[in-house]
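J.: Below: one structure in structure tokens.
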Amino acid sequence: MEVERVQTLAFQGLKELPPQFVRPADERPENSKATEGIPVPVVSLSQPMDALVNDISRACSEWGFFLVTDHGISPSLIRQLQEVGEQFFQLPQEEKERYANDASSGKFEGYGTKMTRNHEQKVEWLDYFFHVVWPPSKQNPATWPQNPPSYREVTEEYTKEVLKLTDKLLELLSRGLGLEEKTLRSSLGGEEMEIEMKINLYPPCPQPELALGVEPHTDTSALTILFSNNVPGLQVWKDGNWVAVGHIPNAVFIHVGDQIEVLSNRKYKSVLHRSVVNKDQVRMSWAVFCVPPLDAVIGPLPTLVDDQNPPNYSTKTYQEYRYRKFNKLPQ
């Protein structure tokens, strides 16, 4: 099936948005404006341990979201990752299509445009590239772009840095719950924990007030580690309003995902967020999802459950959780 790519559409000189991208009135950014200028939590990893645990724990309880500075990932590596991602999306269309995914046949990895499952559902204004980058046993080399030639080397280098940062964050989050520092990591599969990367491309949009780059959702992951090309667009839901997330150079965005909310029995919350688009600039983001293996059994940690704090979720495999979420079934 020939899929119309958003990037192709955007550069045809459209004056108005095709109807499949126009959101229902209540979802349009023009009718659900985000508040600007609210400071979101920013946490420096270089501060003393007690302050660090406290700051991260509070951010995860109140926001489910924070920015991390002094994270140890070099700005030059981040820049290289951005460059190879940008270069992939600049390839001729037929070359990108060689990596096309096909969600209907269960092939989720590769180059894609989010397709709708029925005629009522609206399409998001983005194209993406998605693949599993860790552990090596789960990688599918056929889905990794051959061009640009340094794509694989740069992505593998970045993955190593992300694994270090993930371990550090999971230790801090465990401590914040009063648990041994390895608790969350081992609950998420330990060495079997998987890392998925999704590069999102949001082209300029002729009527950004009517469209969304990504509709409101929480991430199915445990943690999401993300940075962008500094073009604003990420918004998080806080106290009944959308809050526009500002940019801090070289800071990394951290989203608490559903699996941490479940394991913490809702002490930490999975952040509801969305992406808006703009008229003039290409926005890109690089999201890394830290997820348990499909057969990992995830439920509220027993030490966090008692008579005063009954379990808020049933215990089930990550595969079952994902199936229920995708099909909008209760958890």
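Naming scheme: A, B, ... for chains in displayed order of the structure tokens; residues 1 onward per chain; ligands 1 onward as shown.
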Using only C-alpha atoms, which protein or nucleic acid residues come within 10 Å of Pro141 (chain A)? Drop anything in the same chain fewer than 5 positions from it, and give the result as a list in words.
T.: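 Non-adjacent residues within range: His131, Val132, Val133, Pro136, Gln146 and Arg152 of chain A.
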J.: Skipping near chain neighbours, those fewer than 4 positions away, what residues fall within 12 Å of Asp167 (chain A) using only C-alpha atoms, listed as an MDAnalysis selection string?
T.: chainID A and resid 71 160:163 171:174 181:186 188 190:191 193 223 290
J.: Extract, using only C-alpha atoms, all DNA, RNA and protein residues at most 12 Å from Glu196 (chain A), discarding same-chain residues fewer than 3 positions from it, and format them as a PyMOL selection string.
T.: chain A and resi 108-110+129-136+138-140+155-156+159+162-163+193+199+220-226+286-293
J.: Need to verify the contact set: region 315-318 of chain A, 8 Å, only C-alpha atoms, exclusion of same-chain residues closer than 4 positions in sequence. Can you return it as a list in words?
T.: Pro292, Pro293, Leu294, Asp295, Ala296, Val297, Ile298, Gly299, Pro300 and Arg322 of chain A
J.: Identify, on the basis of only C-alpha atoms, every residue whose closest approach to Asn241 (chain A) does not exceed 9 Å; exclude the query and any residue fewer than 2 positions from it along the same chain; express the result as a tab-separated table (two decimals) with all heavy atoms, in the first residue's frame.
T.:
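File selection-v1.tsv, as written:
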chain	number	residue	atom	x	y	z
A	32	SER	N	-7.04	24.72	23.01
A	32	SER	CA	-6.51	24.13	24.26
A	32	SER	C	-5.07	24.65	24.43
A	32	SER	O	-4.12	23.90	24.44
A	32	SER	CB	-6.52	22.60	24.18
A	32	SER	OG	-5.85	22.14	23.01
A	33	LYS	N	-5.00	25.98	24.50
A	33	LYS	CA	-3.69	26.62	24.49
A	33	LYS	C	-2.84	26.23	25.70
A	33	LYS	O	-3.36	26.09	26.81
A	33	LYS	CB	-3.86	28.14	24.45
A	33	LYS	CG	-4.23	28.68	23.07
A	33	LYS	CD	-3.89	30.16	22.96
A	33	LYS	CE	-3.95	30.70	21.54
A	33	LYS	NZ	-4.94	30.14	20.66
A	34	ALA	N	-1.56	26.10	25.47
A	34	ALA	CA	-0.65	25.77	26.56
A	34	ALA	C	-0.21	27.04	27.27
A	34	ALA	O	-0.09	28.10	26.66
A	34	ALA	CB	0.57	25.04	26.02
A	35	THR	N	0.02	26.91	28.57
A	35	THR	CA	0.55	28.02	29.35
A	35	THR	C	2.06	28.11	29.10
A	35	THR	O	2.76	27.10	29.15
A	35	THR	CB	0.31	27.76	30.86
A	35	THR	OG1	-1.06	27.37	31.02
A	35	THR	CG2	0.59	28.98	31.69
A	236	VAL	N	3.36	19.34	28.32
A	236	VAL	CA	2.98	18.33	29.32
A	236	VAL	C	1.75	18.81	30.09
A	236	VAL	O	1.51	20.01	30.24
A	236	VAL	CB	4.15	18.02	30.29
A	236	VAL	CG1	5.33	17.41	29.54
A	236	VAL	CG2	4.61	19.25	31.08
A	237	TRP	N	0.97	17.86	30.57
A	237	TRP	CA	-0.29	18.15	31.26
A	237	TRP	C	-0.03	18.26	32.75
A	237	TRP	O	0.54	17.36	33.36
A	237	TRP	CB	-1.28	17.02	30.98
A	237	TRP	CG	-2.66	17.24	31.52
A	237	TRP	CD1	-3.22	16.63	32.61
A	237	TRP	CD2	-3.69	18.09	30.97
A	237	TRP	NE1	-4.52	17.05	32.77
A	237	TRP	CE2	-4.83	17.95	31.78
A	237	TRP	CE3	-3.73	18.95	29.87
A	237	TRP	CZ2	-6.02	18.64	31.54
A	237	TRP	CZ3	-4.92	19.64	29.62
A	237	TRP	CH2	-6.04	19.48	30.45
A	238	LYS	N	-0.39	19.41	33.34
A	238	LYS	CA	-0.15	19.62	34.77
A	238	LYS	C	-1.29	20.43	35.34
A	238	LYS	O	-1.58	21.53	34.84
A	238	LYS	CB	1.19	20.36	34.94
A	238	LYS	CG	1.52	20.77	36.38
A	238	LYS	CD	2.11	19.60	37.16
A	238	LYS	CE	2.83	20.03	38.42
A	238	LYS	NZ	1.94	20.45	39.49
A	239	ASP	N	-1.94	19.89	36.37
A	239	ASP	CA	-3.01	20.61	37.09
A	239	ASP	C	-4.10	21.13	36.15
A	239	ASP	O	-4.55	22.27	36.26
A	239	ASP	CB	-2.43	21.77	37.90
A	239	ASP	CG	-1.41	21.31	38.93
A	239	ASP	OD1	-1.54	20.16	39.39
A	239	ASP	OD2	-0.49	22.07	39.25
A	243	VAL	N	1.19	22.65	29.59
A	243	VAL	CA	2.33	23.53	29.91
A	243	VAL	C	3.36	23.36	28.81
A	243	VAL	O	3.78	22.23	28.51
A	243	VAL	CB	2.94	23.16	31.28
A	243	VAL	CG1	4.22	23.95	31.54
A	243	VAL	CG2	1.93	23.37	32.40
J.: If you run DSSP on the backbone, which residues of region 8-134 of chain A are strand (DSSP E or B), as a list in words?
T.: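 Filtering region 8-134 of chain A to strand (DSSP E or B) leaves Thr35, Val42, Val43, Ser44, Phe65, Phe66, Leu67, Val68, Thr69, Ala100, Asp102, Lys107, Gly110, Tyr111, Gly112, Thr113, Asp127, Tyr128, Phe129, Phe130, His131, Val132, Val133 and Trp134 of chain A.
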J.: Once you have the residues from the selection above, write them out as a short mmCIF file (atom, residue, chain, number, x, y, z; two decimals), in the first residue's frame, restricted to N, CA and C atoms.
T.:
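out.cif written:
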data_model
loop_
_atom_site.label_atom_id
_atom_site.label_comp_id
_atom_site.auth_asym_id
_atom_site.auth_seq_id
_atom_site.Cartn_x
_atom_site.Cartn_y
_atom_site.Cartn_z
N THR A 35 0.02 26.91 28.57
CA THR A 35 0.55 28.02 29.35
C THR A 35 2.06 28.11 29.10
N VAL A 42 13.98 21.12 36.74
CA VAL A 42 15.30 20.90 36.12
C VAL A 42 16.20 20.34 37.21
N VAL A 43 16.82 19.20 36.94
CA VAL A 43 17.62 18.51 37.95
C VAL A 43 19.05 18.35 37.44
N SER A 44 20.01 18.86 38.20
CA SER A 44 21.42 18.64 37.86
C SER A 44 21.90 17.37 38.53
N PHE A 65 7.77 14.24 35.00
CA PHE A 65 8.59 14.80 33.93
C PHE A 65 9.62 15.74 34.52
N PHE A 66 10.83 15.72 33.96
CA PHE A 66 11.84 16.71 34.38
C PHE A 66 12.92 16.79 33.31
N LEU A 67 13.72 17.83 33.39
CA LEU A 67 14.89 17.98 32.52
C LEU A 67 16.13 17.68 33.34
N VAL A 68 17.09 17.02 32.71
CA VAL A 68 18.33 16.67 33.40
C VAL A 68 19.49 17.42 32.77
N THR A 69 20.30 18.07 33.63
CA THR A 69 21.54 18.68 33.17
C THR A 69 22.70 17.92 33.83
N ALA A 100 10.65 1.03 5.01
CA ALA A 100 9.27 1.25 5.48
C ALA A 100 8.81 0.10 6.38
N ASP A 102 5.56 -1.89 8.47
CA ASP A 102 4.20 -2.29 8.10
C ASP A 102 3.52 -2.82 9.36
N LYS A 107 5.18 -5.59 11.67
CA LYS A 107 6.55 -5.09 11.48
C LYS A 107 6.59 -3.62 11.90
N GLY A 110 11.35 0.45 11.67
CA GLY A 110 11.62 1.04 10.37
C GLY A 110 11.01 2.43 10.22
N TYR A 111 10.88 2.83 8.96
CA TYR A 111 10.42 4.18 8.60
C TYR A 111 8.90 4.17 8.52
N GLY A 112 8.27 5.16 9.14
CA GLY A 112 6.81 5.11 9.15
C GLY A 112 6.14 6.46 9.26
N THR A 113 4.84 6.42 9.04
CA THR A 113 3.93 7.55 9.25
C THR A 113 2.77 6.95 10.01
N ASP A 127 6.40 12.08 10.51
CA ASP A 127 7.00 10.84 10.04
C ASP A 127 8.02 10.42 11.09
N TYR A 128 8.38 9.15 11.12
CA TYR A 128 9.32 8.72 12.16
C TYR A 128 10.17 7.56 11.67
N PHE A 129 11.22 7.30 12.44
CA PHE A 129 12.03 6.10 12.21
C PHE A 129 12.20 5.43 13.57
N PHE A 130 11.85 4.14 13.66
CA PHE A 130 11.79 3.45 14.95
C PHE A 130 12.55 2.13 14.87
N HIS A 131 13.42 1.86 15.86
CA HIS A 131 14.03 0.53 15.90
C HIS A 131 14.58 0.21 17.29
N VAL A 132 14.75 -1.08 17.54
CA VAL A 132 15.32 -1.55 18.82
C VAL A 132 16.84 -1.44 18.72
N VAL A 133 17.45 -0.77 19.71
CA VAL A 133 18.91 -0.57 19.66
C VAL A 133 19.66 -1.36 20.74
N TRP A 134 18.93 -1.95 21.70
CA TRP A 134 19.58 -2.73 22.77
C TRP A 134 18.57 -3.70 23.35
#
J.: If you count only C-alpha atoms, which residues fall within 10 Å of Val271 (chain A), apart from same-chain ones fewer than 5 positions away, as a PyMOL selection string?
T.: chain A and resi 60-65+216-219+236-238+254-258+261
J.: Let's see if you can do this: from backbone DSSP, list all helix (DSSP H, G or I) residues in region 134-259 of chain A, as JSON, numbers by chain.
T.: {"A": [136, 137, 138, 141, 142, 143, 151, 152, 153, 154, 155, 156, 157, 158, 159, 160, 161, 162, 163, 164, 165, 166, 167, 168, 169, 170, 171, 172, 173, 174, 175, 176, 183, 184, 185, 186, 187, 190, 191, 192, 208, 209, 210, 258, 259]}
J.: Between CA of Pro311 (chain A) and CA of Leu329 (chain A), what is the distance in Å, rounded to a tenth?
T.: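 These two atoms are separated by 18.3 Å.
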J.: Could you check which of A:Gln207, A:Gln308, A:Asn31, A:Gln7 is closest to Pro19 (chain A), using only C-alpha atoms?
T.: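 Ranked by minimum distance to Pro19 (chain A), first place goes to A:Gln207.
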J.: Would you mind telling me which residue in A:Ser137, A:Thr303, A:Arg5, A:Leu45 lies nearest to Leu179 (chain A) when using only C-alpha atoms?
T.: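 Nearest candidate to Leu179 (chain A) out of A:Ser137, A:Thr303, A:Arg5, A:Leu45: A:Thr303.
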J.: Select, from A:Ile195, A:Val154, A:Val214, A:Ala103, the residue with the minimum atom-to-atom distance to Ser275 (chain A), counting only C-alpha atoms.
T.: A:Val214
J.: So how many Å separate CA of Val276 (chain A) and CA of Gln235 (chain A), to one decimal?
T.: 7.6 Å
J.: Can you work out which one of A:Leu169, A:Leu9, A:Leu212, A:Val305 has the shortest atom-to-atom distance to His273 (chain A), counting only C-alpha atoms?
T.: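 Of A:Leu169, A:Leu9, A:Leu212, A:Val305, the one nearest His273 (chain A), counting only C-alpha atoms, is A:Leu212.
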J.: So how many Å separate CA of Glu209 (chain A) and CA of Phe89 (chain A), to one decimal?
T.: 24.7 Å
